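Here is the file run.pdb (PDB, C-alpha atoms).
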```pdb
ATOM      1  CA  GLN O   9      -7.883-183.670 -85.948
ATOM      2  CA  LYS O  10     -10.573-183.489 -88.593
ATOM      3  CA  GLU O  11     -11.262-186.592 -90.619
ATOM      4  CA  VAL O  12     -10.861-184.791 -93.932
ATOM      5  CA  GLU O  13      -8.863-181.582 -94.099
ATOM      6  CA  GLN O  14      -8.647-178.971 -96.794
ATOM      7  CA  ASN O  15      -7.159-175.507 -96.862
ATOM      8  CA  SER O  16     -10.170-173.195 -96.982
ATOM      9  CA  GLY O  17      -8.353-170.670 -99.152
ATOM     10  CA  PRO O  18      -9.148-168.675-101.082
ATOM     11  CA  LEU O  19      -6.713-170.003-103.637
ATOM     12  CA  SER O  20      -6.221-167.412-106.316
ATOM     13  CA  VAL O  21      -4.703-168.266-109.701
ATOM     14  CA  PRO O  22      -4.519-166.355-112.985
ATOM     15  CA  GLU O  23      -6.513-167.526-115.974
ATOM     16  CA  GLY O  24      -4.669-170.246-117.869
ATOM     17  CA  ALA O  25      -2.622-171.385-114.883
ATOM     18  CA  ILE O  26      -2.753-174.737-113.088
ATOM     19  CA  ALA O  27      -4.772-174.785-109.885
ATOM     20  CA  SER O  28      -3.722-177.357-107.300
ATOM     21  CA  LEU O  29      -6.175-178.332-104.586
ATOM     22  CA  ASN O  30      -5.153-180.588-101.747
ATOM     23  CA  CYS O  31      -6.874-182.822 -99.240
ATOM     24  CA  THR O  32      -5.656-185.095 -96.446
ATOM     25  CA  TYR O  33      -7.635-187.715 -94.592
ATOM     26  CA  SER O  34      -7.120-189.499 -91.313
ATOM     27  CA  ASP O  35      -8.713-192.939 -91.753
ATOM     28  CA  ARG O  36      -6.368-195.421 -93.430
ATOM     29  CA  GLY O  37      -9.394-197.589 -94.202
ATOM     30  CA  SER O  38     -10.742-194.982 -96.612
ATOM     31  CA  GLN O  39     -11.636-196.624 -99.875
ATOM     32  CA  SER O  40     -12.822-194.064-102.354
ATOM     33  CA  PHE O  41     -12.287-190.391-102.912
ATOM     34  CA  PHE O  42     -14.364-187.780-104.655
ATOM     35  CA  TRP O  43     -14.036-184.187-105.722
ATOM     36  CA  TYR O  44     -17.158-182.063-105.912
ATOM     37  CA  ARG O  45     -17.459-178.538-107.248
ATOM     38  CA  GLN O  46     -19.993-176.229-105.661
ATOM     39  CA  TYR O  47     -20.997-172.845-106.966
ATOM     40  CA  SER O  48     -22.489-170.474-104.427
ATOM     41  CA  GLY O  49     -26.044-171.495-103.566
ATOM     42  CA  LYS O  50     -25.942-174.544-105.826
ATOM     43  CA  SER O  51     -25.665-178.281-105.285
ATOM     44  CA  PRO O  52     -22.309-180.063-105.064
ATOM     45  CA  GLU O  53     -21.471-181.378-108.534
ATOM     46  CA  LEU O  54     -19.345-184.502-108.843
ATOM     47  CA  ILE O  55     -16.334-183.866-111.050
ATOM     48  CA  MET O  56     -13.894-186.665-110.237
ATOM     49  CA  SER O  57     -13.726-189.974-108.409
ATOM     50  CA  ILE O  58     -10.587-191.976-107.700
ATOM     51  CA  TYR O  59     -10.173-195.327-106.004
ATOM     52  CA  SER O  60      -6.575-196.459-106.483
ATOM     53  CA  ASN O  61      -3.165-194.911-106.101
ATOM     54  CA  GLY O  62      -1.899-192.789-108.930
ATOM     55  CA  ASP O  63      -3.371-190.270-111.329
ATOM     56  CA  LYS O  64      -6.730-190.151-113.049
ATOM     57  CA  GLU O  65      -7.297-187.645-115.818
ATOM     58  CA  ASP O  66     -10.558-186.318-117.229
ATOM     59  CA  GLY O  67     -10.258-183.382-119.574
ATOM     60  CA  ARG O  68      -8.634-180.477-117.750
ATOM     61  CA  PHE O  69      -8.959-182.258-114.401
ATOM     62  CA  THR O  70      -6.476-184.686-112.857
ATOM     63  CA  ALA O  71      -7.037-186.387-109.516
ATOM     64  CA  GLN O  72      -4.047-187.803-107.685
ATOM     65  CA  LEU O  73      -4.201-190.307-104.834
ATOM     66  CA  ASN O  74      -1.460-191.405-102.472
ATOM     67  CA  LYS O  75      -2.856-193.768 -99.858
ATOM     68  CA  ALA O  76       0.471-194.180 -98.066
ATOM     69  CA  SER O  77       0.562-190.431 -97.413
ATOM     70  CA  GLN O  78      -3.245-190.235 -96.996
ATOM     71  CA  TYR O  79      -3.351-187.488 -99.526
ATOM     72  CA  VAL O  80      -5.561-186.721-102.501
ATOM     73  CA  SER O  81      -5.303-183.763-104.821
ATOM     74  CA  LEU O  82      -7.066-182.187-107.764
ATOM     75  CA  LEU O  83      -5.235-180.358-110.525
ATOM     76  CA  ILE O  84      -7.113-178.066-112.883
ATOM     77  CA  ARG O  85      -5.166-177.203-116.006
ATOM     78  CA  ASP O  86      -5.782-174.081-118.078
ATOM     79  CA  SER O  87      -7.940-172.609-115.314
ATOM     80  CA  GLN O  88     -10.891-170.533-116.466
ATOM     81  CA  PRO O  89     -12.887-167.895-114.574
ATOM     82  CA  SER O  90     -15.822-170.330-114.740
ATOM     83  CA  ASP O  91     -13.793-172.709-112.549
ATOM     84  CA  SER O  92     -14.139-170.248-109.668
ATOM     85  CA  ALA O  93     -16.069-172.182-107.047
ATOM     86  CA  THR O  94     -15.649-174.132-103.838
ATOM     87  CA  TYR O  95     -14.087-177.564-104.294
ATOM     88  CA  LEU O  96     -15.094-180.215-101.807
ATOM     89  CA  CYS O  97     -13.051-183.294-101.057
ATOM     90  CA  ALA O  98     -15.128-186.271 -99.907
ATOM     91  CA  VAL O  99     -13.968-189.635 -98.629
ATOM     92  CA  SER O 100     -15.870-192.885 -98.222
ATOM     93  CA  VAL O 101     -14.777-195.197 -95.442
ATOM     94  CA  SER O 102     -17.627-197.645 -95.055
ATOM     95  CA  SER O 103     -17.961-200.352 -97.669
ATOM     96  CA  ASN O 104     -21.560-200.996 -96.641
ATOM     97  CA  THR O 105     -23.162-197.599 -96.848
ATOM     98  CA  GLY O 106     -20.801-195.478 -98.868
ATOM     99  CA  LYS O 107     -21.484-192.496 -96.662
ATOM    100  CA  LEU O 108     -19.239-189.571 -97.477
ATOM    101  CA  ILE O 109     -17.087-187.572 -95.104
ATOM    102  CA  PHE O 110     -16.442-184.090 -96.413
ATOM    103  CA  GLY O 111     -13.747-181.531 -95.924
ATOM    104  CA  GLN O 112     -14.715-177.900 -95.468
ATOM    105  CA  GLY O 113     -13.855-177.090 -99.053
ATOM    106  CA  THR O 114     -11.330-174.863-100.792
ATOM    107  CA  THR O 115     -12.490-171.707-102.512
ATOM    108  CA  LEU O 116     -10.810-171.209-105.877
ATOM    109  CA  GLN O 117     -10.694-167.833-107.586
ATOM    110  CA  VAL O 118      -9.500-167.691-111.184
ATOM    111  CA  LYS O 119      -8.696-164.141-112.181
ATOM    112  CA  PRO O 120      -8.976-163.057-115.839
TER
ATOM    113  CA  GLU A  16     -32.672-187.610-117.100
ATOM    114  CA  ALA A  17     -33.889-185.506-114.189
ATOM    115  CA  GLY A  18     -31.487-185.026-111.323
ATOM    116  CA  VAL A  19     -32.154-185.129-107.608
ATOM    117  CA  THR A  20     -34.838-182.643-106.649
ATOM    118  CA  GLN A  21     -35.627-181.193-103.267
ATOM    119  CA  PHE A  22     -38.535-179.198-101.925
ATOM    120  CA  PRO A  23     -38.800-176.556-100.639
ATOM    121  CA  SER A  24     -35.700-174.642-101.645
ATOM    122  CA  HIS A  25     -36.028-172.403 -98.603
ATOM    123  CA  SER A  26     -37.951-172.670 -95.354
ATOM    124  CA  VAL A  27     -38.136-170.158 -92.536
ATOM    125  CA  ILE A  28     -39.863-171.316 -89.374
ATOM    126  CA  GLU A  29     -39.959-170.412 -85.729
ATOM    127  CA  LYS A  30     -38.427-172.424 -82.970
ATOM    128  CA  GLY A  31     -40.793-175.154 -81.868
ATOM    129  CA  GLN A  32     -42.518-175.520 -85.211
ATOM    130  CA  THR A  33     -42.416-178.557 -87.473
ATOM    131  CA  VAL A  34     -40.876-178.678 -90.940
ATOM    132  CA  THR A  35     -40.865-181.456 -93.508
ATOM    133  CA  LEU A  36     -38.295-181.584 -96.277
ATOM    134  CA  ARG A  37     -38.754-183.709 -99.351
ATOM    135  CA  CYS A  38     -36.270-185.363-101.683
ATOM    136  CA  ASP A  39     -36.907-187.089-104.994
ATOM    137  CA  PRO A  40     -33.890-189.141-106.060
ATOM    138  CA  ILE A  41     -32.810-189.891-109.600
ATOM    139  CA  SER A  42     -35.163-192.465-111.073
ATOM    140  CA  GLY A  43     -33.890-195.991-110.496
ATOM    141  CA  HIS A  44     -31.529-195.039-107.681
ATOM    142  CA  ASP A  45     -32.179-197.309-104.728
ATOM    143  CA  ASN A  46     -29.755-195.503-102.440
ATOM    144  CA  LEU A  47     -30.748-192.196-100.912
ATOM    145  CA  TYR A  48     -28.692-190.129 -98.504
ATOM    146  CA  TRP A  49     -29.396-187.088 -96.369
ATOM    147  CA  TYR A  50     -26.629-184.660 -95.435
ATOM    148  CA  ARG A  51     -26.588-181.331 -93.634
ATOM    149  CA  ARG A  52     -24.313-178.307 -93.679
ATOM    150  CA  VAL A  53     -24.548-175.882 -90.811
ATOM    151  CA  MET A  54     -22.940-172.477 -91.193
ATOM    152  CA  GLY A  55     -19.173-172.545 -91.142
ATOM    153  CA  LYS A  56     -18.978-176.314 -90.966
ATOM    154  CA  GLU A  57     -18.457-179.123 -93.432
ATOM    155  CA  ILE A  58     -21.252-181.157 -94.975
ATOM    156  CA  LYS A  59     -22.142-183.996 -92.605
ATOM    157  CA  PHE A  60     -23.889-187.296 -93.196
ATOM    158  CA  LEU A  61     -27.264-187.856 -91.560
ATOM    159  CA  LEU A  62     -28.593-191.153 -92.865
ATOM    160  CA  HIS A  63     -28.776-193.633 -95.731
ATOM    161  CA  PHE A  64     -31.728-195.529 -97.194
ATOM    162  CA  VAL A  65     -31.587-198.570 -99.395
ATOM    163  CA  LYS A  66     -35.007-198.595-100.996
ATOM    164  CA  GLU A  67     -37.361-198.107 -98.048
ATOM    165  CA  SER A  68     -34.992-199.450 -95.381
ATOM    166  CA  LYS A  69     -32.700-197.362 -93.208
ATOM    167  CA  GLN A  70     -29.205-198.726 -93.742
ATOM    168  CA  ASP A  71     -27.327-196.282 -91.550
ATOM    169  CA  GLU A  72     -28.770-193.515 -89.391
ATOM    170  CA  SER A  73     -25.673-192.899 -87.316
ATOM    171  CA  GLY A  74     -25.548-189.233 -88.276
ATOM    172  CA  MET A  75     -29.018-188.274 -87.119
ATOM    173  CA  PRO A  76     -28.491-185.672 -84.385
ATOM    174  CA  ASN A  77     -31.374-186.604 -82.085
ATOM    175  CA  ASN A  78     -34.914-187.937 -81.990
ATOM    176  CA  ARG A  79     -36.389-184.668 -83.200
ATOM    177  CA  PHE A  80     -35.385-185.795 -86.682
ATOM    178  CA  LEU A  81     -37.443-188.426 -88.473
ATOM    179  CA  ALA A  82     -36.698-189.670 -91.971
ATOM    180  CA  GLU A  83     -38.960-191.860 -94.040
ATOM    181  CA  ARG A  84     -38.907-193.359 -97.491
ATOM    182  CA  THR A  85     -42.215-195.085 -97.980
ATOM    183  CA  GLY A  86     -42.327-197.226-101.110
ATOM    184  CA  GLY A  87     -38.665-196.700-101.738
ATOM    185  CA  THR A  88     -39.144-193.648-103.938
ATOM    186  CA  TYR A  89     -39.083-190.158-102.472
ATOM    187  CA  SER A  90     -37.967-189.424 -98.927
ATOM    188  CA  THR A  91     -39.042-186.952 -96.290
ATOM    189  CA  LEU A  92     -37.084-185.552 -93.389
ATOM    190  CA  LYS A  93     -39.186-184.103 -90.598
ATOM    191  CA  VAL A  94     -37.838-181.913 -87.828
ATOM    192  CA  GLN A  95     -40.176-181.666 -84.861
ATOM    193  CA  PRO A  96     -39.865-179.467 -82.883
ATOM    194  CA  ALA A  97     -37.265-177.365 -84.646
ATOM    195  CA  GLU A  98     -34.499-175.706 -82.644
ATOM    196  CA  LEU A  99     -32.218-172.820 -83.572
ATOM    197  CA  GLU A 100     -29.241-175.126 -84.108
ATOM    198  CA  ASP A 101     -31.143-177.011 -86.817
ATOM    199  CA  SER A 102     -30.617-174.115 -89.205
ATOM    200  CA  GLY A 103     -28.518-175.025 -92.208
ATOM    201  CA  VAL A 104     -28.686-176.479 -95.676
ATOM    202  CA  TYR A 105     -30.067-179.997 -95.983
ATOM    203  CA  PHE A 106     -28.845-181.928 -98.993
ATOM    204  CA  CYS A 107     -30.159-185.133-100.434
ATOM    205  CA  ALA A 108     -28.089-187.388-102.656
ATOM    206  CA  SER A 109     -28.754-190.609-104.501
ATOM    207  CA  SER A 110     -26.706-193.374-106.048
ATOM    208  CA  GLN A 111     -27.494-196.394-108.163
ATOM    209  CA  GLY A 112     -25.498-198.937-106.203
ATOM    210  CA  GLN A 113     -24.497-199.314-102.623
ATOM    211  CA  GLY A 114     -21.112-198.982-101.023
ATOM    212  CA  SER A 115     -17.971-196.942-101.303
ATOM    213  CA  TYR A 116     -17.507-197.189-105.053
ATOM    214  CA  ASN A 117     -20.812-195.679-106.044
ATOM    215  CA  GLU A 118     -20.975-192.060-107.032
ATOM    216  CA  GLN A 119     -23.517-189.923-105.266
ATOM    217  CA  PHE A 120     -25.396-187.138-107.014
ATOM    218  CA  PHE A 121     -26.633-184.259-104.959
ATOM    219  CA  GLY A 122     -29.778-182.196-105.055
ATOM    220  CA  PRO A 123     -29.848-178.406-104.752
ATOM    221  CA  GLY A 124     -30.551-178.505-101.023
ATOM    222  CA  THR A 125     -33.148-176.984 -98.748
ATOM    223  CA  ARG A 126     -32.018-173.978 -96.771
ATOM    224  CA  LEU A 127     -33.699-174.125 -93.362
ATOM    225  CA  THR A 128     -33.741-171.118 -91.091
ATOM    226  CA  VAL A 129     -35.104-171.494 -87.574
ATOM    227  CA  LEU A 130     -35.850-168.188 -85.842
TER
END
```

Exercise: express the given structure as structure tokens:
Amino acid sequence: QKEVEQNSGPLSVPEGAIASLNCTYSDRGSQSFFWYRQYSGKSPELIMSIYSNGDKEDGRFTAQLNKASQYVSLLIRDSQPSDSATYLCAVSVSSNTGKLIFGQGTTLQVKP
Amino acid sequence: EAGVTQFPSHSVIEKGQTVTLRCDPISGHDNLYWYRRVMGKEIKFLLHFVKESKQDESGMPNNRFLAERTGGTYSTLKVQPAELEDSGVYFCASSQGQGSYNEQFFGPGTRLTVL
């Protein structure tokens, strides 16, 4: 079992729809959770961080965390073609180093 | 404010040669991380510096990899001698604080191809 799992996709949604990206993790000691967006050939760009159970909203993005189910998700409202990218879920287990454990990423395609 | 920069952006070398990758973190960020993504796999942690000290090098694959951060500013990652399986994209990231609750900002990566 991988430490952080994501559906590789591609996930295809029409413009204006809600895109839902999901991630599960295996270590119950995981402390913090991050979503990165990566365009092809570019660096991962941090878009959301979440540390406690519940929802966290930032503009069109909402991160949801459920530690009991070991599940974190990212919702993108009013999806735009410019949102088409690979979304990486990253989890930090160690409180000392903060090293990140990544999933393989989900490719999102937003069709006009 | 300048982001994390990495040099070179691409490197193509032959098996057995040496390559040195460089990372300049965001100014003022004491924490510097190296990660690697090999084709078809997820991004994986290599090591973590706090200033000039190695905090965690548990992800370094073997002793052909040597990372340094003299003076606590920029870092280099040397691969000597390079093998075919070292091909991939090497990312550097930096954060202001240490620990799980500090956001890491990534550089554009160095794409290494070993022939």

Exercise for review: May I ask you to extract the residues of chain O within 7 Å of chain A, using all atoms listed in the file, and to give them as a list in words?
Suggested key: Gln39, Ser40, Lys50, Ser51, Pro52, Glu53, Leu54, Ser100, Val101, Ser102, Ser103, Asn104, Thr105, Gly106, Lys107, Leu108, Ile109, Phe110, Gly111 and Gln112 of chain O

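For the set A:Tyr105, A:Ser73, A:Leu127, A:Val94, the residue with the smallest atom-to-atom gap to Thr33 in chain A is A:Val94, counting all atoms listed in the file.
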
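Between Gln95 in chain A and the candidates A:Thr125, A:Ser109, A:Asn77, A:Ser68, the tightest atom-to-atom separation, counting all atoms listed in the file, involves A:Asn77.
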
Review point. So which residues get picked by the PyMOL selection byres ((chain O and resi 21-26) around 8) here, written as a ChimeraX atom specification?
Key: /O:19-20,27-28,83-89,116-120

Review point. Hey, what's within 6 Å of range 88-92 of chain A if we count all atoms listed in the file and toss same-chain stuff fewer than 2 positions away? As a list in words, please?
Key: Thr35, Leu36, Arg37, Cys38, Asp39, Leu81, Ala82, Glu83, Arg84 and Gly86 of chain A

Practice item. Give me the residues within 7 Å of Thr115 in chain O as a ChimeraX atom specification, counting only C-alpha atoms and dropping any in the same chain fewer than 2 places off. Key: /O:16-19,93-95,113,117

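Coordinates place CA of Glu98 in chain A at a distance of 19.1 Å from CA of Ser24 in chain A.
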
Point to revise | Residue IDs satisfying the PyMOL selection byres ((chain O and resi 29-31) around 8), as number ranges by chain | key: O: 12-15, 27-28, 32-33, 79-83, 95, 97, 111, 114

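Here CA of Ala17 in chain A and CA of Gln111 in chain A stand 14.0 Å from one another.
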
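Take CA of Val129 in chain A and CA of Asp101 in chain A: the distance between them is 6.8 Å.
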
Pick out the residues sitting within 10 Å of Pro96 in chain A, and hand them over as a JSON list (two decimals) with C-alpha atoms, keeping the file's coordinate frame; count all atoms listed in the file, and ignore anything fewer than 4 positions along from it in its own chain.
```json
[["chain", "number", "residue", "atom", "x", "y", "z"],
["A", 29, "GLU", "CA", -39.96, -170.41, -85.73],
["A", 30, "LYS", "CA", -38.43, -172.42, -82.97],
["A", 31, "GLY", "CA", -40.79, -175.15, -81.87],
["A", 32, "GLN", "CA", -42.52, -175.52, -85.21],
["A", 33, "THR", "CA", -42.42, -178.56, -87.47],
["A", 34, "VAL", "CA", -40.88, -178.68, -90.94],
["A", 78, "ASN", "CA", -34.91, -187.94, -81.99],
["A", 79, "ARG", "CA", -36.39, -184.67, -83.20],
["A", 80, "PHE", "CA", -35.38, -185.80, -86.68],
["A", 101, "ASP", "CA", -31.14, -177.01, -86.82]]
```
